[in-house]
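See below for run20.csv, which holds CSV, C-alpha atoms.
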```csv
chain,number,residue,atom,x,y,z
Q,1358,MET,CA,134.1,35.6,-10.7
Q,1359,LEU,CA,130.7,35.5,-12.5
Q,1360,PHE,CA,131.2,39.0,-13.8
Q,1361,ASN,CA,134.6,38.1,-15.3
Q,1362,ALA,CA,133.0,34.9,-16.8
Q,1363,PHE,CA,130.3,37.1,-18.3
Q,1364,LEU,CA,132.9,39.4,-19.9
Q,1365,LEU,CA,134.8,36.5,-21.3
Q,1366,ALA,CA,131.5,35.1,-22.7
Q,1367,LEU,CA,130.7,38.4,-24.4
Q,1368,ARG,CA,134.3,38.4,-25.9
Q,1369,GLU,CA,133.8,34.9,-27.3
Q,1370,ILE,CA,130.4,35.8,-28.7
Q,1371,ARG,CA,131.8,38.9,-30.4
Q,1372,ARG,CA,134.6,36.8,-31.8
Q,1373,ASN,CA,132.1,34.6,-33.8
Q,1374,ILE,CA,129.2,37.0,-34.1
Q,1375,LEU,CA,127.6,35.4,-37.1
Q,1376,ARG,CA,127.8,31.9,-35.6
Q,1377,SER,CA,126.5,33.2,-32.3
Q,1378,PHE,CA,123.5,34.8,-34.1
Q,1379,LEU,CA,122.6,31.7,-36.0
Q,1380,THR,CA,123.0,29.7,-32.7
Q,1381,THR,CA,120.5,31.9,-30.9
Q,1382,LEU,CA,118.1,32.1,-33.8
Q,1383,GLY,CA,116.1,29.1,-32.5
Q,1384,ILE,CA,115.7,30.8,-29.1
Q,1385,VAL,CA,114.7,34.0,-30.8
Q,1386,ILE,CA,112.0,32.3,-32.9
Q,1387,GLY,CA,110.8,30.2,-30.0
Q,1388,VAL,CA,110.4,33.1,-27.5
Q,1389,ALA,CA,108.9,35.4,-30.2
Q,1390,SER,CA,106.4,32.7,-31.2
Q,1391,VAL,CA,105.3,32.0,-27.6
Q,1392,ILE,CA,104.9,35.7,-26.8
Q,1393,ALA,CA,103.1,36.5,-30.0
Q,1394,MET,CA,100.7,33.5,-29.8
Q,1395,VAL,CA,99.8,34.1,-26.2
Q,1396,MET,CA,99.2,37.8,-26.6
Q,1397,LEU,CA,97.2,37.3,-29.7
Q,1398,GLY,CA,95.1,34.7,-27.8
Q,1399,ASP,CA,94.6,37.2,-25.0
Q,1400,GLY,CA,93.6,39.8,-27.5
Q,1401,ALA,CA,91.1,37.4,-29.2
Q,1402,THR,CA,89.7,36.5,-25.7
Q,1403,ALA,CA,89.3,40.2,-24.9
Q,1404,SER,CA,87.6,40.9,-28.3
Q,1405,ILE,CA,85.1,38.1,-27.8
Q,1406,THR,CA,84.3,39.3,-24.3
Q,1407,ASN,CA,83.8,42.8,-25.5
Q,1408,GLU,CA,81.5,41.6,-28.4
Q,1409,LEU,CA,79.5,39.4,-26.1
Q,1410,SER,CA,79.1,42.4,-23.7
Q,1411,LYS,CA,77.6,44.3,-26.7
Q,1412,LEU,CA,74.8,41.7,-26.8
Q,1413,GLY,CA,73.9,42.8,-23.4
Q,1414,THR,CA,75.3,42.1,-19.9
Q,1415,ASN,CA,73.6,39.9,-17.4
Q,1416,MET,CA,71.1,38.7,-20.0
Q,1417,LEU,CA,69.2,35.5,-20.7
Q,1418,ILE,CA,68.1,34.4,-24.2
Q,1419,LEU,CA,64.9,32.5,-24.4
Q,1420,GLN,CA,64.0,30.5,-27.6
Q,1421,PRO,CA,61.7,27.6,-28.5
Q,1422,GLY,CA,63.1,24.1,-29.1
Q,1423,GLN,CA,66.0,22.2,-27.6
Q,1424,GLU,CA,69.4,24.0,-27.3
Q,1425,ARG,CA,71.6,23.6,-30.3
Q,1426,ARG,CA,75.3,23.6,-29.5
Q,1427,GLY,CA,77.4,26.1,-31.5
Q,1428,ARG,CA,74.4,28.2,-32.4
Q,1429,MET,CA,73.6,31.4,-30.5
Q,1430,PHE,CA,70.4,32.4,-32.2
Q,1431,SER,CA,68.5,29.5,-33.7
Q,1432,THR,CA,64.8,28.6,-33.2
Q,1433,ASP,CA,62.9,25.3,-33.7
Q,1434,ARG,CA,59.9,25.9,-36.0
Q,1435,ALA,CA,58.3,22.6,-34.7
Q,1436,SER,CA,58.2,23.9,-31.1
Q,1437,PRO,CA,55.4,26.3,-30.2
Q,1438,PRO,CA,56.4,30.0,-30.1
Q,1439,PHE,CA,56.0,32.2,-27.0
Q,1440,ARG,CA,52.9,34.3,-26.3
Q,1441,GLU,CA,52.6,37.8,-24.8
Q,1442,ALA,CA,51.0,36.1,-21.8
Q,1443,ASP,CA,54.3,34.2,-21.3
Q,1444,LEU,CA,56.3,37.4,-21.3
Q,1445,LYS,CA,53.8,39.1,-18.9
Q,1446,ALA,CA,54.1,36.1,-16.5
Q,1447,ILE,CA,57.9,36.4,-16.5
Q,1448,ARG,CA,57.8,40.1,-15.8
Q,1449,ASN,CA,55.3,39.8,-13.0
Q,1450,GLU,CA,56.3,36.5,-11.3
Q,1451,ILE,CA,60.1,36.3,-11.6
Q,1452,ALA,CA,62.0,38.5,-9.1
Q,1453,GLY,CA,65.2,40.1,-10.4
Q,1454,VAL,CA,64.0,40.6,-14.0
Q,1455,LYS,CA,64.7,44.1,-15.2
Q,1456,ALA,CA,63.3,43.9,-18.8
Q,1457,VAL,CA,61.7,41.3,-21.1
Q,1458,ALA,CA,62.1,42.0,-24.8
Q,1459,PRO,CA,60.3,40.0,-27.5
Q,1460,VAL,CA,62.2,40.0,-30.8
Q,1461,SER,CA,60.8,39.0,-34.2
Q,1462,THR,CA,63.2,39.3,-37.1
Q,1463,LYS,CA,63.1,39.4,-40.9
Q,1464,ASN,CA,66.2,39.7,-43.0
Q,1465,GLY,CA,66.5,41.2,-46.5
Q,1466,VAL,CA,63.7,43.8,-46.1
Q,1467,THR,CA,64.1,46.6,-48.7
Q,1468,ALA,CA,64.2,50.0,-47.1
Q,1469,VAL,CA,63.7,53.0,-49.4
Q,1470,PHE,CA,64.2,56.8,-48.9
Q,1471,GLY,CA,64.2,59.0,-51.9
Q,1472,SER,CA,66.5,57.4,-54.5
Q,1473,ALA,CA,68.4,55.4,-51.8
Q,1474,SER,CA,67.4,51.7,-51.5
Q,1475,TYR,CA,68.9,49.3,-49.1
Q,1476,ALA,CA,68.3,45.7,-47.9
Q,1477,THR,CA,68.4,45.5,-44.2
Q,1478,THR,CA,67.2,43.5,-41.1
Q,1479,VAL,CA,64.0,44.5,-39.4
Q,1480,HIS,CA,63.4,43.8,-35.7
Q,1481,GLY,CA,59.9,43.9,-34.2
Q,1482,THR,CA,60.4,44.6,-30.5
Q,1483,THR,CA,59.8,47.0,-27.6
Q,1484,ASN,CA,61.9,49.5,-25.7
Q,1485,ASP,CA,63.0,46.7,-23.4
Q,1486,TYR,CA,65.2,45.5,-26.2
Q,1487,LEU,CA,67.3,48.6,-25.7
Q,1488,ILE,CA,67.7,47.9,-22.0
Q,1489,ALA,CA,68.6,44.2,-22.6
Q,1490,ARG,CA,71.1,45.1,-25.3
Q,1491,SER,CA,72.6,48.0,-23.3
Q,1492,TRP,CA,71.8,50.2,-26.4
Q,1493,ARG,CA,71.2,54.0,-26.4
Q,1494,VAL,CA,69.2,56.2,-28.7
Q,1495,VAL,CA,71.7,59.0,-29.6
Q,1496,SER,CA,69.3,61.0,-31.8
Q,1497,GLY,CA,65.6,61.3,-31.5
Q,1498,ARG,CA,63.7,59.2,-29.0
Q,1499,GLU,CA,62.5,55.7,-28.0
Q,1500,PHE,CA,59.0,54.4,-28.9
Q,1501,LEU,CA,56.1,55.9,-26.9
Q,1502,GLU,CA,53.9,53.5,-25.0
Q,1503,SER,CA,50.9,54.6,-27.1
Q,1504,GLU,CA,52.9,53.8,-30.3
Q,1505,LEU,CA,53.8,50.3,-29.0
Q,1506,ARG,CA,50.2,49.5,-28.0
Q,1507,ALA,CA,48.7,50.7,-31.3
Q,1508,GLY,CA,51.5,49.4,-33.5
Q,1509,LYS,CA,52.0,52.8,-35.0
Q,1510,ALA,CA,54.1,53.1,-38.1
Q,1511,VAL,CA,57.3,54.5,-36.5
Q,1512,CYS,CA,60.9,53.1,-36.6
Q,1513,ILE,CA,64.3,53.5,-35.0
Q,1514,LEU,CA,67.4,53.1,-37.3
Q,1515,GLY,CA,70.7,51.5,-36.7
Q,1516,GLU,CA,73.8,53.5,-37.7
Q,1517,THR,CA,74.5,51.5,-40.8
Q,1518,ALA,CA,70.9,51.8,-42.0
Q,1519,ARG,CA,70.9,55.5,-41.3
Q,1520,LYS,CA,74.1,56.0,-43.3
Q,1521,GLU,CA,73.0,54.0,-46.3
Q,1522,LEU,CA,69.6,55.7,-46.5
Q,1523,PHE,CA,70.3,59.3,-45.4
Q,1524,ASP,CA,74.1,59.8,-45.5
Q,1525,ALA,CA,74.7,63.2,-44.0
Q,1526,LEU,CA,71.0,64.1,-43.7
Q,1527,ASP,CA,69.1,64.2,-40.4
Q,1528,PRO,CA,66.6,61.3,-40.6
Q,1529,ILE,CA,64.4,62.3,-37.6
Q,1530,GLY,CA,60.9,63.0,-38.9
Q,1531,SER,CA,61.5,61.5,-42.3
Q,1532,PHE,CA,59.5,58.6,-43.7
Q,1533,VAL,CA,61.2,55.3,-44.8
Q,1534,ARG,CA,59.3,52.8,-46.9
Q,1535,LEU,CA,59.8,49.2,-45.8
Q,1536,ASP,CA,58.5,46.9,-48.6
Q,1537,ARG,CA,54.8,47.9,-48.8
Q,1538,PHE,CA,54.4,50.5,-46.0
Q,1539,SER,CA,56.1,53.6,-44.7
Q,1540,CYS,CA,57.1,54.5,-41.2
Q,1541,GLU,CA,58.4,57.7,-39.6
Q,1542,VAL,CA,61.9,57.7,-38.2
Q,1543,VAL,CA,61.8,58.7,-34.6
Q,1544,GLY,CA,65.3,57.7,-33.4
Q,1545,VAL,CA,68.8,56.6,-34.3
Q,1546,LEU,CA,70.8,54.1,-32.3
Q,1547,GLU,CA,74.4,54.5,-31.2
Q,1548,ALA,CA,77.0,52.7,-33.4
Q,1549,LYS,CA,78.2,49.3,-32.0
Q,1550,GLY,CA,80.1,48.2,-35.0
Q,1551,ALA,CA,80.7,44.7,-36.4
Q,1552,SER,CA,80.8,41.8,-34.0
Q,1553,THR,CA,83.4,39.1,-33.7
Q,1554,PHE,CA,81.0,36.7,-35.4
Q,1555,GLY,CA,81.0,38.8,-38.5
Q,1556,MET,CA,77.6,40.5,-38.1
Q,1557,ASP,CA,77.0,44.2,-38.5
Q,1558,GLN,CA,75.1,45.0,-35.4
Q,1559,ASP,CA,74.1,48.5,-36.7
Q,1560,ASP,CA,72.4,47.1,-39.8
Q,1561,LEU,CA,68.9,47.1,-38.5
Q,1562,VAL,CA,65.5,48.9,-38.3
Q,1563,MET,CA,63.5,48.6,-35.1
Q,1564,LEU,CA,59.7,48.6,-35.3
Q,1565,PRO,CA,57.0,48.3,-32.6
Q,1566,ILE,CA,56.3,44.5,-32.4
Q,1567,GLU,CA,52.6,45.1,-33.0
Q,1568,LEU,CA,53.4,46.8,-36.3
Q,1569,PHE,CA,55.9,44.1,-37.2
Q,1570,GLU,CA,53.4,41.3,-36.6
Q,1571,ARG,CA,50.6,43.1,-38.5
Q,1572,ARG,CA,52.5,44.4,-41.6
Q,1573,ILE,CA,55.6,42.0,-42.0
Q,1574,ALA,CA,55.2,38.7,-40.1
Q,1575,GLY,CA,51.4,38.3,-40.5
Q,1576,ASN,CA,51.3,36.4,-37.2
Q,1577,LYS,CA,52.0,36.9,-33.5
Q,1578,GLU,CA,54.7,34.3,-33.1
Q,1579,ILE,CA,57.5,35.3,-30.8
Q,1580,ARG,CA,60.6,33.1,-31.2
Q,1581,THR,CA,63.3,35.0,-29.4
Q,1582,VAL,CA,63.0,36.8,-26.0
Q,1583,PHE,CA,65.8,38.8,-24.3
Q,1584,ILE,CA,65.5,38.8,-20.5
Q,1585,SER,CA,67.7,41.5,-18.8
Q,1586,LEU,CA,68.5,40.8,-15.1
Q,1587,ASP,CA,69.2,43.1,-12.2
Q,1588,PRO,CA,73.0,43.3,-11.5
Q,1589,ALA,CA,72.6,41.7,-8.1
Q,1590,ALA,CA,70.3,38.9,-9.4
Q,1591,ASP,CA,71.4,35.3,-9.3
Q,1592,SER,CA,71.0,34.1,-12.9
Q,1593,ALA,CA,71.0,30.4,-11.9
Q,1594,ASN,CA,67.9,30.9,-9.7
Q,1595,ILE,CA,66.1,33.0,-12.3
Q,1596,ILE,CA,66.8,30.4,-15.0
Q,1597,ALA,CA,65.4,27.7,-12.7
Q,1598,GLU,CA,62.3,29.8,-11.9
Q,1599,THR,CA,61.7,30.7,-15.5
Q,1600,ASN,CA,62.1,27.1,-16.6
Q,1601,SER,CA,59.5,26.0,-14.0
Q,1602,LEU,CA,57.1,28.8,-14.9
Q,1603,LEU,CA,57.3,28.2,-18.7
Q,1604,ARG,CA,56.8,24.4,-18.2
Q,1605,GLU,CA,53.7,25.2,-16.2
Q,1606,LEU,CA,52.4,27.7,-18.8
Q,1607,ARG,CA,53.1,25.3,-21.7
Q,1608,LYS,CA,51.4,22.4,-19.8
Q,1609,LEU,CA,54.4,20.1,-19.9
Q,1610,ARG,CA,54.2,16.9,-17.9
Q,1611,ALA,CA,57.1,15.9,-15.6
Q,1612,ASP,CA,58.2,13.2,-18.0
Q,1613,GLN,CA,58.3,15.5,-21.0
Q,1614,MET,CA,61.4,17.4,-22.1
Q,1615,SER,CA,61.2,21.2,-22.2
Q,1616,ASN,CA,60.3,22.5,-25.7
Q,1617,PHE,CA,62.3,25.7,-25.1
Q,1618,ASN,CA,65.8,26.7,-24.0
Q,1619,ILE,CA,67.3,29.4,-21.9
Q,1620,ARG,CA,70.8,30.6,-22.4
Q,1621,ASP,CA,72.9,32.8,-20.1
Q,1622,THR,CA,75.2,35.3,-22.0
Q,1623,LYS,CA,77.6,35.0,-19.1
Q,1624,GLU,CA,77.9,31.3,-19.7
Q,1625,LEU,CA,78.4,31.9,-23.4
Q,1626,ALA,CA,81.2,34.3,-22.6
Q,1627,ASP,CA,82.8,31.8,-20.3
Q,1628,THR,CA,82.6,29.1,-22.9
Q,1629,PHE,CA,84.1,31.2,-25.6
Q,1630,THR,CA,86.8,32.5,-23.2
Q,1631,ALA,CA,87.7,29.0,-22.1
Q,1632,THR,CA,87.9,27.8,-25.7
Q,1633,THR,CA,90.2,30.7,-26.8
Q,1634,ARG,CA,92.4,30.2,-23.8
Q,1635,THR,CA,92.8,26.5,-24.5
Q,1636,LEU,CA,93.7,27.2,-28.1
Q,1637,THR,CA,96.2,29.9,-26.9
Q,1638,LEU,CA,97.9,27.3,-24.6
Q,1639,LEU,CA,98.0,24.8,-27.4
Q,1640,LEU,CA,99.5,27.2,-29.8
Q,1641,GLY,CA,101.9,28.5,-27.2
Q,1642,GLY,CA,103.0,24.9,-26.3
Q,1643,ILE,CA,103.6,24.2,-30.0
Q,1644,ALA,CA,105.7,27.4,-30.4
Q,1645,ALA,CA,107.7,26.4,-27.2
Q,1646,ILE,CA,109.0,23.4,-29.0
Q,1647,SER,CA,111.2,25.6,-31.1
Q,1648,LEU,CA,112.9,26.7,-27.8
Q,1649,LEU,CA,114.0,23.1,-27.3
Q,1650,VAL,CA,115.3,23.1,-30.9
Q,1651,GLY,CA,117.2,26.3,-30.1
Q,1652,GLY,CA,118.6,24.6,-26.9
Q,1653,ILE,CA,119.9,21.7,-29.0
Q,1654,GLY,CA,121.6,24.3,-31.3
Q,1655,ILE,CA,123.3,25.9,-28.3
Q,1656,MET,CA,124.5,22.5,-27.1
Q,1657,ASN,CA,125.9,21.7,-30.5
Q,1658,ILE,CA,127.8,25.0,-30.9
Q,1659,MET,CA,129.1,24.8,-27.3
Q,1660,LEU,CA,130.5,21.3,-28.1
Q,1661,VAL,CA,132.2,22.8,-31.1
Q,1662,SER,CA,133.5,25.6,-29.0
Q,1663,VAL,CA,135.0,23.2,-26.5
Q,1664,THR,CA,136.7,21.3,-29.3
Q,1665,GLU,CA,138.1,24.5,-30.8
Q,1666,ARG,CA,139.3,25.8,-27.4
Q,1667,THR,CA,140.8,22.6,-26.1
Q,1668,ARG,CA,144.3,24.0,-25.9
Q,1669,GLU,CA,143.1,27.2,-24.2
Q,1670,ILE,CA,141.2,25.0,-21.6
Q,1671,GLY,CA,144.4,22.9,-21.0
Q,1672,ILE,CA,146.5,26.1,-20.4
Q,1673,ARG,CA,143.9,27.4,-17.9
Q,1674,LEU,CA,143.8,24.0,-16.0
Q,1675,ALA,CA,147.6,23.8,-16.1
Q,1676,ILE,CA,148.2,27.2,-14.5
Q,1677,GLY,CA,145.7,26.4,-11.6
Q,1678,ALA,CA,142.2,27.0,-12.8
Q,1679,LEU,CA,139.7,24.7,-11.0
Q,1680,GLU,CA,137.3,22.5,-12.8
Q,1681,ARG,CA,134.3,24.4,-11.4
Q,1682,GLU,CA,135.8,27.7,-12.8
Q,1683,VAL,CA,136.1,26.1,-16.3
Q,1684,LEU,CA,132.5,24.7,-16.0
Q,1685,THR,CA,131.2,28.1,-14.8
Q,1686,GLN,CA,132.9,29.8,-17.7
Q,1687,PHE,CA,131.3,27.7,-20.4
Q,1688,LEU,CA,127.9,27.5,-18.6
Q,1689,VAL,CA,127.8,31.3,-18.4
Q,1690,GLU,CA,128.6,31.5,-22.1
Q,1691,ALA,CA,125.7,29.2,-22.9
Q,1692,VAL,CA,123.3,31.1,-20.7
Q,1693,THR,CA,124.5,34.4,-22.1
Q,1694,LEU,CA,123.8,33.2,-25.6
Q,1695,SER,CA,120.3,31.9,-24.8
Q,1696,SER,CA,119.5,35.1,-22.7
Q,1697,LEU,CA,120.5,37.4,-25.6
Q,1698,GLY,CA,118.3,35.3,-27.9
Q,1699,GLY,CA,115.5,35.6,-25.3
Q,1700,LEU,CA,115.8,39.4,-25.2
Q,1701,VAL,CA,115.7,39.7,-29.0
Q,1702,GLY,CA,112.8,37.2,-29.1
Q,1703,ILE,CA,110.8,39.3,-26.6
Q,1704,ALA,CA,111.3,42.4,-28.7
Q,1705,LEU,CA,110.4,40.6,-31.9
Q,1706,GLY,CA,107.3,38.9,-30.3
Q,1707,LEU,CA,106.0,42.2,-28.9
Q,1708,LEU,CA,106.4,43.8,-32.4
Q,1709,VAL,CA,104.6,40.9,-34.1
Q,1710,ALA,CA,101.8,40.9,-31.5
Q,1711,ILE,CA,101.3,44.7,-31.9
Q,1712,GLY,CA,101.3,44.5,-35.7
Q,1713,VAL,CA,98.9,41.6,-36.0
Q,1714,THR,CA,96.4,42.9,-33.4
Q,1715,GLN,CA,96.3,46.2,-35.3
Q,1716,GLY,CA,96.0,44.4,-38.6
Q,1717,PHE,CA,93.1,42.3,-37.4
Q,1718,ASP,CA,91.6,45.1,-35.3
Q,1719,ILE,CA,91.6,43.2,-32.0
Q,1720,PRO,CA,92.7,44.5,-28.6
Q,1721,TYR,CA,96.4,44.4,-27.8
Q,1722,VAL,CA,96.8,42.9,-24.3
Q,1723,PHE,CA,100.3,43.1,-22.8
Q,1724,ASN,CA,100.9,39.9,-20.7
Q,1725,GLU,CA,104.0,40.6,-18.5
Q,1726,THR,CA,103.7,37.0,-17.1
Q,1727,ILE,CA,104.4,35.3,-20.4
Q,1728,VAL,CA,107.3,37.8,-21.1
Q,1729,PHE,CA,109.0,36.9,-17.8
Q,1730,LEU,CA,108.3,33.2,-18.3
Q,1731,SER,CA,109.6,33.2,-21.8
Q,1732,PHE,CA,112.8,34.9,-20.8
Q,1733,GLY,CA,113.2,32.6,-17.7
Q,1734,PHE,CA,112.7,29.6,-19.9
Q,1735,SER,CA,115.3,30.8,-22.4
Q,1736,MET,CA,117.8,31.0,-19.6
Q,1737,PHE,CA,116.8,27.6,-18.3
Q,1738,VAL,CA,117.3,26.2,-21.8
Q,1739,GLY,CA,120.8,27.7,-21.8
Q,1740,ILE,CA,121.6,26.0,-18.4
Q,1741,VAL,CA,120.2,22.6,-19.4
Q,1742,PHE,CA,121.8,22.4,-22.8
Q,1743,GLY,CA,125.0,24.2,-21.8
Q,1744,PHE,CA,125.8,22.0,-18.8
Q,1745,PHE,CA,127.0,18.9,-20.8
Q,1746,PRO,CA,129.5,20.9,-22.9
Q,1747,ALA,CA,130.6,22.8,-19.9
Q,1748,ARG,CA,131.2,19.6,-17.9
Q,1749,LYS,CA,133.1,18.1,-20.8
Q,1750,ALA,CA,135.4,21.2,-20.9
Q,1751,ALA,CA,135.9,21.0,-17.1
Q,1752,ARG,CA,136.9,17.3,-17.2
Q,1753,LEU,CA,139.5,17.6,-19.9
Q,1754,ASP,CA,142.9,16.2,-19.0
Q,1755,PRO,CA,145.3,19.2,-19.0
Q,1756,ILE,CA,148.2,17.2,-20.5
Q,1757,GLU,CA,146.0,15.8,-23.3
Q,1758,ALA,CA,144.5,19.2,-23.8
Q,1759,LEU,CA,147.9,20.9,-24.2
Q,1760,ARG,CA,148.9,18.4,-26.8
Q,1761,HIS,CA,145.8,19.2,-28.9
Q,1762,GLU,CA,146.5,21.1,-32.1
```
Target encoding structure tokens, full file:
Amino acid sequence: MLFNAFLLALREIRRNILRSFLTTLGIVIGVASVIAMVMLGDGATASITNELSKLGTNMLILQPGQERRGRMFSTDRASPPFREADLKAIRNEIAGVKAVAPVSTKNGVTAVFGSASYATTVHGTTNDYLIARSWRVVSGREFLESELRAGKAVCILGETARKELFDALDPIGSFVRLDRFSCEVVGVLEAKGASTFGMDQDDLVMLPIELFERRIAGNKEIRTVFISLDPAADSANIIAETNSLLRELRKLRADQMSNFNIRDTKELADTFTATTRTLTLLLGGIAAISLLVGGIGIMNIMLVSVTERTREIGIRLAIGALEREVLTQFLVEAVTLSSLGGLVGIALGLLVAIGVTQGFDIPYVFNETIVFLSFGFSMFVGIVFGFFPARKAARLDPIEALRHE
């Protein structure tokens, strides 16, 4: 019975193909919008997760001053900076710490090699920075311990800085001038690319922190510290221990607020992920409203169809068709219309998601759950909005229906 009802529904749809297409357009747009929005949101979430992992996995970021919401790297100049003694205490007294990397930064430093000149960012740090950031030296080597202790004039280039200054030349062993002094290039970092936050992570020159403090900063202030943790370490415990240790080293009383903050990159990732998921659900919910609009369109056209086919319905009832058979026929027709719209909407939504993710260079994440939910919801819309017209058709008086012109 259902199969015959389905065949009759297809015949009626083909009979008014343009009207059927316009009727299902709301369903098509609704399903396509929901699928595209959710998959784009999933792609954005994956992109942010990937970019945060490039900052370094299982890592804490230590800075002076109170935490400022919405800012990942910001220091408070009014709060005292960290000292080398603070870093040594963290290394020696906190279990589960793999690397402690001080980072001092200056932007807009002019790097010169030959006729090439380029304004870049200079980081004064140690080899622990590479461990904390999960960064490899792909050409040359890391700093030697003797170079770090003496603050020797050596440097490691990021890929962007290497390309701008040397192009196709091998930079290892060459000397680059940074403002008023020259340093020997001993290594080149692997390329990480631009981050989701718009920063070119490869646009940097690494110097030993002693050299940076002596020739660029003119002081020994350390305002950012990256702390890399062992994979099995409990970050919450390490944060608590580090907080207690630094309060003691900074001689803070129990009633005083901490003049430093510790951030966990995992918590940052969780926060950004939760935000993007909330926005995805919001946008998906807004897009789903068009499914309801499409359902109203189906109800409208099915009511028109009942009016147009009143005589046909009367004949079927007069020759013995049951009310439930007539109801089933029109309900199947409504569900078929909405299901066809759902299938077309799925195809369109997937194409839009693929196109936009490629255009914005974010990962394409196929979400089979939202595909099945969207199709199921389109069928549900057909049942809900097709029931009233179907019931109206089934309850027609055969005699009155036969008199209908």
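Taking CA of Leu1636 (chain Q) and CA of Ser1390 (chain Q) as endpoints, the distance between them is 14.2 Å.
When all atoms listed in the file are used to measure the gap to His1480 (chain Q), the shortest distance among Q:Leu1707, Q:Ile1653, Q:Ala1747, Q:Ile1579 belongs to Q:Ile1579.
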Query raised in the report: What lies within 10 Å of region 1581-1586 of chain Q using all atoms listed in the file, ignoring chain neighbours under 2 positions off, as a PyMOL selection string?
Result: chain Q and resi 1412-1421+1430-1432+1438-1439+1444+1447-1448+1452-1462+1482+1485-1491+1578-1579+1588-1592+1595+1619-1621
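Using all atoms listed in the file, every residue with an atom at most 7 Å from the point (53.5, 52.4, -31.8) is listed here: Phe1500, Leu1501, Glu1502, Ser1503, Glu1504, Leu1505, Arg1506, Ala1507, Gly1508, Lys1509, Ala1510, Val1511 and Pro1565 of chain Q.
If you look at CA of Pro1720 (chain Q) and CA of Leu1708 (chain Q), they are 14.2 Å away from each other.
Minimum atom-to-atom distance to Val1466 (chain Q), evaluated using all atoms listed in the file, belongs to Q:Asp1536 out of Q:Asp1536, Q:Glu1521, Q:Glu1441, Q:Asp1527.
Note that the spacing between CA of Met1396 (chain Q) and CA of Ile1727 (chain Q) amounts to 8.5 Å.
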**Report entry** Point (116.4, 40.4, -26.8), cut-off 12 Å, counting all atoms listed in the file, residues as JSON, numbers by chain
**Finding:** {"Q": [1378, 1381, 1382, 1384, 1385, 1386, 1388, 1389, 1693, 1694, 1695, 1696, 1697, 1698, 1699, 1700, 1701, 1702, 1703, 1704, 1705, 1706, 1707, 1708, 1728, 1731, 1732, 1735, 1736]}
Query - Nearest to Gly1550 (chain Q), chosen from Q:Asn1484, Q:Lys1749, Q:Thr1517, Q:Thr1637, with all atoms listed in the file counted in the distances - result: Q:Thr1517
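Proximity of Q:Val1663, Q:Ala1710, Q:Leu1640, Q:Ala1675 to Gly1743 (chain Q), computed with all atoms listed in the file, is greatest for Q:Val1663.
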Report task. Identify which of the residues Q:Val1562, Q:Gly1716, Q:Phe1569, Q:Val1495 lies closest to Val1545 (chain Q), counting all atoms listed in the file when measuring atom-to-atom distances. Result -> Q:Val1495
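Nearest residue to Gly1733 (chain Q) among Q:Leu1602, Q:Ile1711, Q:Val1692, Q:Val1661 is Q:Val1692, counting all atoms listed in the file.
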